[in-house]
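S.K.: To start, I am sharing the structure in question, which I have written as structure tokens.
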Amino acid sequence: MLAAMPDSAPSPVSAGGASPRAGGDACPGTLRLHQADDGALARVRIPGGVLDPGRADALLVAAERFGDGELHLTSRGNVQLRGLGTECGGGLAGLLTDAGLLPSAAHERARNIVASPLAGLDGSPSLAGWLAELDRLVCGSPAAAALSGRFLFALDAGGGDVDALGADVTLIARGPDALLRIGAGDEVFRVPADAAPRAALRAAEAFLRAAHGG
């Protein structure tokens with residue numbers, strides 16, 4: 001896993017503000033490029049910062065074929081491709097889709113999930129199951145496609161490392177259960193560990209309903 005820290009200021013959700021989409025969501029993705037001084041920029045979401053060799057190779061091929069030849073890591077464990085030509089969108093999306101890095105075009109900017117980098121390696125619980133299930137649930141939720149590109153899920157193995165980020169929705173491993181935290185508040189809700197990813201998604205969907213007056 002890559003280091004899990006926010007790559008921008010805390011989300012307005014965590015600060016108790018309005019929906020990040022209320023003032024427009026300009027956060028870049030893979031399908032919506034951002035214009036920078038060195039050309040277009042694409043941000044590829046890597047949930048939990050986890051990459052297998054094949055997908056890492058695909059990212060390098062994309063960088064060499066379409067961009068500046070380098071992979072730029074964000075502090076949330078995502079990957080940015082820089083120096084892209086504005087006409088590369090279709091080819092880039094096709095390459096990343098074939099590699100399994102773009103499982104849902106509608107959700108590609110909603111897959112913001114950070115996880116404790118040493119989970120399962122330092123005696124703490126593995127978060128692999130939560131990570132895979134939450135990503136699957138997010139990509140399968142029509143409502144979640146409306147999440148801001150800055151909305152952040154965090155999976156904490158119990159040591160408090162990513163819980164300290166004040167993510168919009170945080171799951172904390174706690175024995176046979178999980179603690180669910182909404183934003184940076186002190187209150188947590190205890191849920192069964194096997195129900196934790198679905199509880200996190202429902203919290204995000206509830207936020208969307210509240211933000212849109214539903």
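Within each chain, counting starts at residue 1; across the structure tokens, chains are named A, B, ... in the order shown, with ligands numbered 1 upward in that order.
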Can you pull out every residue from stretch 65-203 of chain A that DSSP, working from the backbone, puts in strand (DSSP E), and format the result as number ranges by chain?

M.R.: A: 71-73, 79-84, 113-115, 153-156, 169-174, 177-182, 188-192

S.K.: Pull the alpha helix (DSSP H) assignments for stretch 55-162 of chain A out of DSSP run on the backbone, and list those residues as a CSV table (one decimal) with all heavy atoms, in the first residue's frame.

M.R.:
```csv
chain,number,residue,atom,x,y,z
A,55,ARG,N,-1.1,-4.1,-13.2
A,55,ARG,CA,-1.7,-2.7,-13.2
A,55,ARG,C,-0.6,-1.6,-13.1
A,55,ARG,O,-0.8,-0.6,-13.7
A,55,ARG,CB,-2.8,-2.6,-12.2
A,55,ARG,CG,-4.0,-3.5,-12.5
A,55,ARG,CD,-5.0,-3.5,-11.4
A,55,ARG,NE,-6.1,-4.4,-11.8
A,55,ARG,CZ,-7.2,-4.6,-11.0
A,55,ARG,NH1,-7.3,-4.1,-9.8
A,55,ARG,NH2,-8.1,-5.4,-11.4
A,56,ALA,N,0.4,-1.9,-12.3
A,56,ALA,CA,1.5,-0.9,-12.3
A,56,ALA,C,2.1,-0.8,-13.6
A,56,ALA,O,2.5,0.4,-14.1
A,56,ALA,CB,2.5,-1.4,-11.2
A,57,ASP,N,2.4,-1.9,-14.3
A,57,ASP,CA,2.9,-1.8,-15.7
A,57,ASP,C,2.0,-1.1,-16.6
A,57,ASP,O,2.5,-0.3,-17.5
A,57,ASP,CB,3.2,-3.2,-16.2
A,57,ASP,CG,4.4,-3.9,-15.5
A,57,ASP,OD1,5.2,-3.2,-14.9
A,57,ASP,OD2,4.5,-5.1,-15.7
A,58,ALA,N,0.7,-1.3,-16.5
A,58,ALA,CA,-0.2,-0.6,-17.4
A,58,ALA,C,-0.2,1.0,-17.2
A,58,ALA,O,-0.2,1.7,-18.1
A,58,ALA,CB,-1.6,-1.1,-17.1
A,59,LEU,N,0.0,1.4,-15.9
A,59,LEU,CA,0.1,2.8,-15.6
A,59,LEU,C,1.4,3.4,-16.2
A,59,LEU,O,1.4,4.5,-16.8
A,59,LEU,CB,0.1,3.0,-14.1
A,59,LEU,CG,-1.2,2.9,-13.4
A,59,LEU,CD1,-1.1,2.9,-11.9
A,59,LEU,CD2,-2.2,4.1,-13.9
A,60,LEU,N,2.5,2.6,-16.2
A,60,LEU,CA,3.7,3.1,-16.7
A,60,LEU,C,3.6,3.2,-18.3
A,60,LEU,O,4.1,4.2,-18.9
A,60,LEU,CB,4.9,2.1,-16.4
A,60,LEU,CG,6.3,2.6,-16.9
A,60,LEU,CD1,6.6,4.0,-16.4
A,60,LEU,CD2,7.3,1.6,-16.4
A,61,VAL,N,3.0,2.2,-18.9
A,61,VAL,CA,2.7,2.3,-20.3
A,61,VAL,C,1.9,3.5,-20.7
A,61,VAL,O,2.2,4.2,-21.7
A,61,VAL,CB,2.0,1.0,-20.8
A,61,VAL,CG1,1.5,1.1,-22.3
A,61,VAL,CG2,2.9,-0.2,-20.7
A,62,ALA,N,0.9,3.8,-19.9
A,62,ALA,CA,0.0,5.0,-20.1
A,62,ALA,C,0.9,6.2,-20.0
A,62,ALA,O,0.7,7.1,-20.9
A,62,ALA,CB,-1.1,5.0,-19.2
A,63,ALA,N,1.7,6.3,-19.0
A,63,ALA,CA,2.5,7.5,-18.8
A,63,ALA,C,3.5,7.7,-20.0
A,63,ALA,O,3.7,8.8,-20.5
A,63,ALA,CB,3.3,7.4,-17.5
A,64,GLU,N,4.1,6.6,-20.5
A,64,GLU,CA,5.1,6.7,-21.6
A,64,GLU,C,4.4,6.9,-22.9
A,64,GLU,O,4.9,7.7,-23.8
A,64,GLU,CB,5.9,5.4,-21.6
A,64,GLU,CG,6.8,5.2,-20.4
A,64,GLU,CD,7.5,3.9,-20.4
A,64,GLU,OE1,7.0,2.9,-21.1
A,64,GLU,OE2,8.5,3.7,-19.7
A,65,ARG,N,3.2,6.4,-23.1
A,65,ARG,CA,2.5,6.5,-24.4
A,65,ARG,C,1.8,7.9,-24.5
A,65,ARG,O,1.8,8.5,-25.6
A,65,ARG,CB,1.5,5.4,-24.5
A,65,ARG,CG,0.8,5.4,-25.9
A,65,ARG,CD,-0.2,4.2,-26.0
A,65,ARG,NE,0.5,3.0,-25.8
A,65,ARG,CZ,-0.1,1.8,-25.8
A,65,ARG,NH1,-1.4,1.7,-25.8
A,65,ARG,NH2,0.6,0.7,-25.6
A,66,PHE,N,1.3,8.4,-23.4
A,66,PHE,CA,0.4,9.6,-23.5
A,66,PHE,C,1.0,10.8,-22.8
A,66,PHE,O,0.6,11.9,-23.1
A,66,PHE,CB,-1.0,9.3,-23.0
A,66,PHE,CG,-1.7,8.2,-23.7
A,66,PHE,CD1,-2.0,7.0,-23.0
A,66,PHE,CD2,-2.1,8.3,-25.0
A,66,PHE,CE1,-2.6,5.9,-23.7
A,66,PHE,CE2,-2.8,7.3,-25.7
A,66,PHE,CZ,-3.0,6.1,-25.0
A,89,GLY,N,-7.7,11.2,-24.4
A,89,GLY,CA,-8.7,10.6,-23.5
A,89,GLY,C,-9.2,9.2,-23.8
A,89,GLY,O,-9.3,8.3,-23.0
A,90,GLY,N,-9.6,9.0,-25.1
A,90,GLY,CA,-10.2,7.7,-25.5
A,90,GLY,C,-9.1,6.6,-25.3
A,90,GLY,O,-9.4,5.5,-24.8
A,91,GLY,N,-7.9,6.8,-25.8
A,91,GLY,CA,-6.9,5.8,-25.7
A,91,GLY,C,-6.5,5.5,-24.3
A,91,GLY,O,-6.3,4.4,-23.9
A,92,LEU,N,-6.4,6.6,-23.5
A,92,LEU,CA,-6.0,6.4,-22.1
A,92,LEU,C,-7.1,5.6,-21.4
A,92,LEU,O,-6.8,4.6,-20.6
A,92,LEU,CB,-5.8,7.7,-21.4
A,92,LEU,CG,-5.6,7.7,-19.9
A,92,LEU,CD1,-4.3,7.0,-19.6
A,92,LEU,CD2,-5.5,9.2,-19.4
A,93,ALA,N,-8.4,5.9,-21.6
A,93,ALA,CA,-9.5,5.2,-20.9
A,93,ALA,C,-9.5,3.8,-21.3
A,93,ALA,O,-9.7,2.9,-20.5
A,93,ALA,CB,-10.8,5.9,-21.2
A,94,GLY,N,-9.3,3.5,-22.6
A,94,GLY,CA,-9.3,2.1,-23.1
A,94,GLY,C,-8.2,1.3,-22.5
A,94,GLY,O,-8.4,0.1,-22.0
A,95,LEU,N,-7.0,1.9,-22.4
A,95,LEU,CA,-5.8,1.1,-21.8
A,95,LEU,C,-6.1,0.8,-20.3
A,95,LEU,O,-5.9,-0.3,-19.9
A,95,LEU,CB,-4.6,2.0,-22.0
A,95,LEU,CG,-3.2,1.3,-21.6
A,95,LEU,CD1,-2.1,2.1,-22.3
A,95,LEU,CD2,-2.9,1.3,-20.1
A,96,LEU,N,-6.6,1.8,-19.6
A,96,LEU,CA,-6.8,1.6,-18.2
A,96,LEU,C,-8.0,0.7,-17.9
A,96,LEU,O,-8.0,-0.1,-16.9
A,96,LEU,CB,-7.0,3.0,-17.5
A,96,LEU,CG,-5.8,3.9,-17.5
A,96,LEU,CD1,-6.2,5.2,-16.8
A,96,LEU,CD2,-4.6,3.3,-16.9
A,97,THR,N,-9.0,0.7,-18.8
A,97,THR,CA,-10.1,-0.2,-18.6
A,97,THR,C,-9.7,-1.6,-18.8
A,97,THR,O,-10.0,-2.5,-18.0
A,97,THR,CB,-11.2,0.1,-19.6
A,97,THR,OG1,-11.8,1.5,-19.3
A,97,THR,CG2,-12.4,-0.9,-19.5
A,98,ASP,N,-8.9,-1.8,-19.9
A,98,ASP,CA,-8.4,-3.2,-20.1
A,98,ASP,C,-7.5,-3.7,-19.0
A,98,ASP,O,-7.5,-4.9,-18.7
A,98,ASP,CB,-7.5,-3.2,-21.4
A,98,ASP,CG,-8.4,-3.0,-22.7
A,98,ASP,OD1,-9.6,-3.1,-22.6
A,98,ASP,OD2,-7.8,-2.7,-23.7
A,128,ALA,N,-7.9,-6.0,3.5
A,128,ALA,CA,-8.1,-6.4,2.1
A,128,ALA,C,-9.6,-6.7,1.7
A,128,ALA,O,-10.1,-6.3,0.7
A,128,ALA,CB,-7.3,-7.6,1.7
A,129,GLY,N,-10.3,-7.4,2.6
A,129,GLY,CA,-11.7,-7.7,2.4
A,129,GLY,C,-12.6,-6.5,2.4
A,129,GLY,O,-13.4,-6.3,1.5
A,130,TRP,N,-12.4,-5.6,3.4
A,130,TRP,CA,-13.1,-4.4,3.4
A,130,TRP,C,-12.9,-3.5,2.2
A,130,TRP,O,-13.8,-3.0,1.6
A,130,TRP,CB,-12.7,-3.5,4.7
A,130,TRP,CG,-13.4,-3.9,5.9
A,130,TRP,CD1,-14.2,-5.0,6.2
A,130,TRP,CD2,-13.2,-3.3,7.2
A,130,TRP,NE1,-14.6,-5.0,7.5
A,130,TRP,CE2,-14.0,-4.0,8.2
A,130,TRP,CE3,-12.4,-2.2,7.6
A,130,TRP,CZ2,-14.0,-3.6,9.5
A,130,TRP,CZ3,-12.5,-1.8,9.0
A,130,TRP,CH2,-13.3,-2.5,9.9
A,131,LEU,N,-11.6,-3.4,1.8
A,131,LEU,CA,-11.3,-2.6,0.7
A,131,LEU,C,-11.9,-3.1,-0.6
A,131,LEU,O,-12.5,-2.3,-1.4
A,131,LEU,CB,-9.7,-2.6,0.5
A,131,LEU,CG,-9.2,-1.7,-0.6
A,131,LEU,CD1,-9.5,-0.3,-0.4
A,131,LEU,CD2,-7.6,-1.9,-0.6
A,132,ALA,N,-11.8,-4.4,-0.9
A,132,ALA,CA,-12.4,-4.9,-2.1
A,132,ALA,C,-13.9,-4.8,-2.1
A,132,ALA,O,-14.6,-4.4,-3.1
A,132,ALA,CB,-12.0,-6.4,-2.3
A,133,GLU,N,-14.6,-5.0,-0.9
A,133,GLU,CA,-16.0,-5.0,-0.9
A,133,GLU,C,-16.5,-3.5,-1.0
A,133,GLU,O,-17.5,-3.3,-1.7
A,133,GLU,CB,-16.5,-5.6,0.4
A,133,GLU,CG,-18.0,-5.6,0.7
A,133,GLU,CD,-18.8,-6.4,-0.3
A,133,GLU,OE1,-18.2,-7.1,-1.2
A,133,GLU,OE2,-20.0,-6.5,-0.2
A,134,LEU,N,-15.9,-2.6,-0.3
A,134,LEU,CA,-16.3,-1.2,-0.4
A,134,LEU,C,-16.2,-0.7,-1.8
A,134,LEU,O,-17.1,0.0,-2.3
A,134,LEU,CB,-15.5,-0.3,0.6
A,134,LEU,CG,-15.9,1.2,0.6
A,134,LEU,CD1,-17.4,1.4,0.9
A,134,LEU,CD2,-15.0,1.9,1.6
A,135,ASP,N,-15.1,-1.0,-2.5
A,135,ASP,CA,-14.9,-0.5,-3.8
A,135,ASP,C,-16.0,-1.1,-4.7
A,135,ASP,O,-16.6,-0.4,-5.6
A,135,ASP,CB,-13.5,-0.9,-4.3
A,135,ASP,CG,-13.2,-0.3,-5.7
A,135,ASP,OD1,-13.6,0.8,-5.9
A,135,ASP,OD2,-12.4,-0.9,-6.5
A,136,ARG,N,-16.3,-2.4,-4.5
A,136,ARG,CA,-17.3,-3.0,-5.3
A,136,ARG,C,-18.7,-2.4,-5.1
A,136,ARG,O,-19.5,-2.1,-6.0
A,136,ARG,CB,-17.4,-4.5,-5.0
A,136,ARG,CG,-18.4,-5.3,-5.8
A,136,ARG,CD,-18.6,-6.7,-5.3
A,136,ARG,NE,-19.3,-6.8,-4.0
A,136,ARG,CZ,-20.6,-6.7,-3.9
A,136,ARG,NH1,-21.4,-6.5,-5.0
A,136,ARG,NH2,-21.2,-6.7,-2.8
A,137,LEU,N,-19.0,-2.1,-3.8
A,137,LEU,CA,-20.3,-1.5,-3.5
A,137,LEU,C,-20.4,-0.1,-4.0
A,137,LEU,O,-21.4,0.3,-4.5
A,137,LEU,CB,-20.5,-1.5,-1.9
A,137,LEU,CG,-20.7,-2.8,-1.3
A,137,LEU,CD1,-20.6,-2.7,0.2
A,137,LEU,CD2,-22.0,-3.4,-1.7
A,138,VAL,N,-19.3,0.7,-3.9
A,138,VAL,CA,-19.3,2.1,-4.5
A,138,VAL,C,-19.6,2.0,-6.0
A,138,VAL,O,-20.4,2.8,-6.5
A,138,VAL,CB,-18.0,2.8,-4.1
A,138,VAL,CG1,-17.9,4.1,-4.9
A,138,VAL,CG2,-17.9,3.1,-2.6
A,139,CYS,N,-18.9,1.2,-6.7
A,139,CYS,CA,-19.0,1.1,-8.1
A,139,CYS,C,-20.4,0.5,-8.5
A,139,CYS,O,-20.8,0.8,-9.6
A,139,CYS,CB,-17.9,0.2,-8.7
A,139,CYS,SG,-16.3,1.0,-8.7
A,140,GLY,N,-21.1,-0.1,-7.6
A,140,GLY,CA,-22.4,-0.7,-7.9
A,140,GLY,C,-23.5,0.2,-7.5
A,140,GLY,O,-24.7,-0.2,-7.7
```

S.K.: Between A:Gly100, A:Gly29, A:Pro47, A:Gly175, which one has atoms that come closest to A:Ala154, using only C-alpha atoms?

M.R.: A:Pro47

S.K.: What's the 6 Å shell around stretch 183-186 of chain A, counting only C-alpha atoms, without same-chain residues fewer than 4 positions away, as a list in words?

M.R.: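 In the requested form, the answer reads Ser14, Gly166, Ala167, Asp168 and Val169 of chain A.
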
S.K.: Produce a file of the selected residues containing N, CA and C atoms, as an mmCIF file, in the first residue's frame.

M.R.:
```
data_model
loop_
_atom_site.group_PDB
_atom_site.id
_atom_site.type_symbol
_atom_site.label_atom_id
_atom_site.label_comp_id
_atom_site.auth_asym_id
_atom_site.auth_seq_id
_atom_site.Cartn_x
_atom_site.Cartn_y
_atom_site.Cartn_z
ATOM 1 N N SER A 14 -16.187 17.026 5.966
ATOM 2 C CA SER A 14 -15.565 16.794 7.257
ATOM 3 C C SER A 14 -15.607 18.032 8.125
ATOM 4 N N GLY A 166 -9.631 12.536 9.471
ATOM 5 C CA GLY A 166 -10.942 13.179 9.462
ATOM 6 C C GLY A 166 -11.651 12.999 8.133
ATOM 7 N N ALA A 167 -11.577 11.791 7.580
ATOM 8 C CA ALA A 167 -12.224 11.519 6.299
ATOM 9 C C ALA A 167 -13.731 11.681 6.420
ATOM 10 N N ASP A 168 -14.401 11.716 5.307
ATOM 11 C CA ASP A 168 -15.853 11.879 5.323
ATOM 12 C C ASP A 168 -16.543 10.672 5.952
ATOM 13 N N VAL A 169 -16.044 9.463 5.674
ATOM 14 C CA VAL A 169 -16.541 8.237 6.289
ATOM 15 C C VAL A 169 -15.337 7.377 6.648
#
```

S.K.: When distances are computed from only C-alpha atoms, which of A:Ala145, A:Asp161, A:Phe153, A:Leu102 shows the smallest separation from A:Ala203?

M.R.: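 Checking each candidate against A:Ala203, we get A:Phe153 as the closest.
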
S.K.: Which one of A:Ala199, A:Ser148, A:Ala119, A:Pro125 sits closest to A:Pro176 if you count only C-alpha atoms?

M.R.: A:Pro125

S.K.: Atom CA of A:Gly123 and atom CA of A:Leu152 are how many Å apart?

M.R.: 25.4 Å
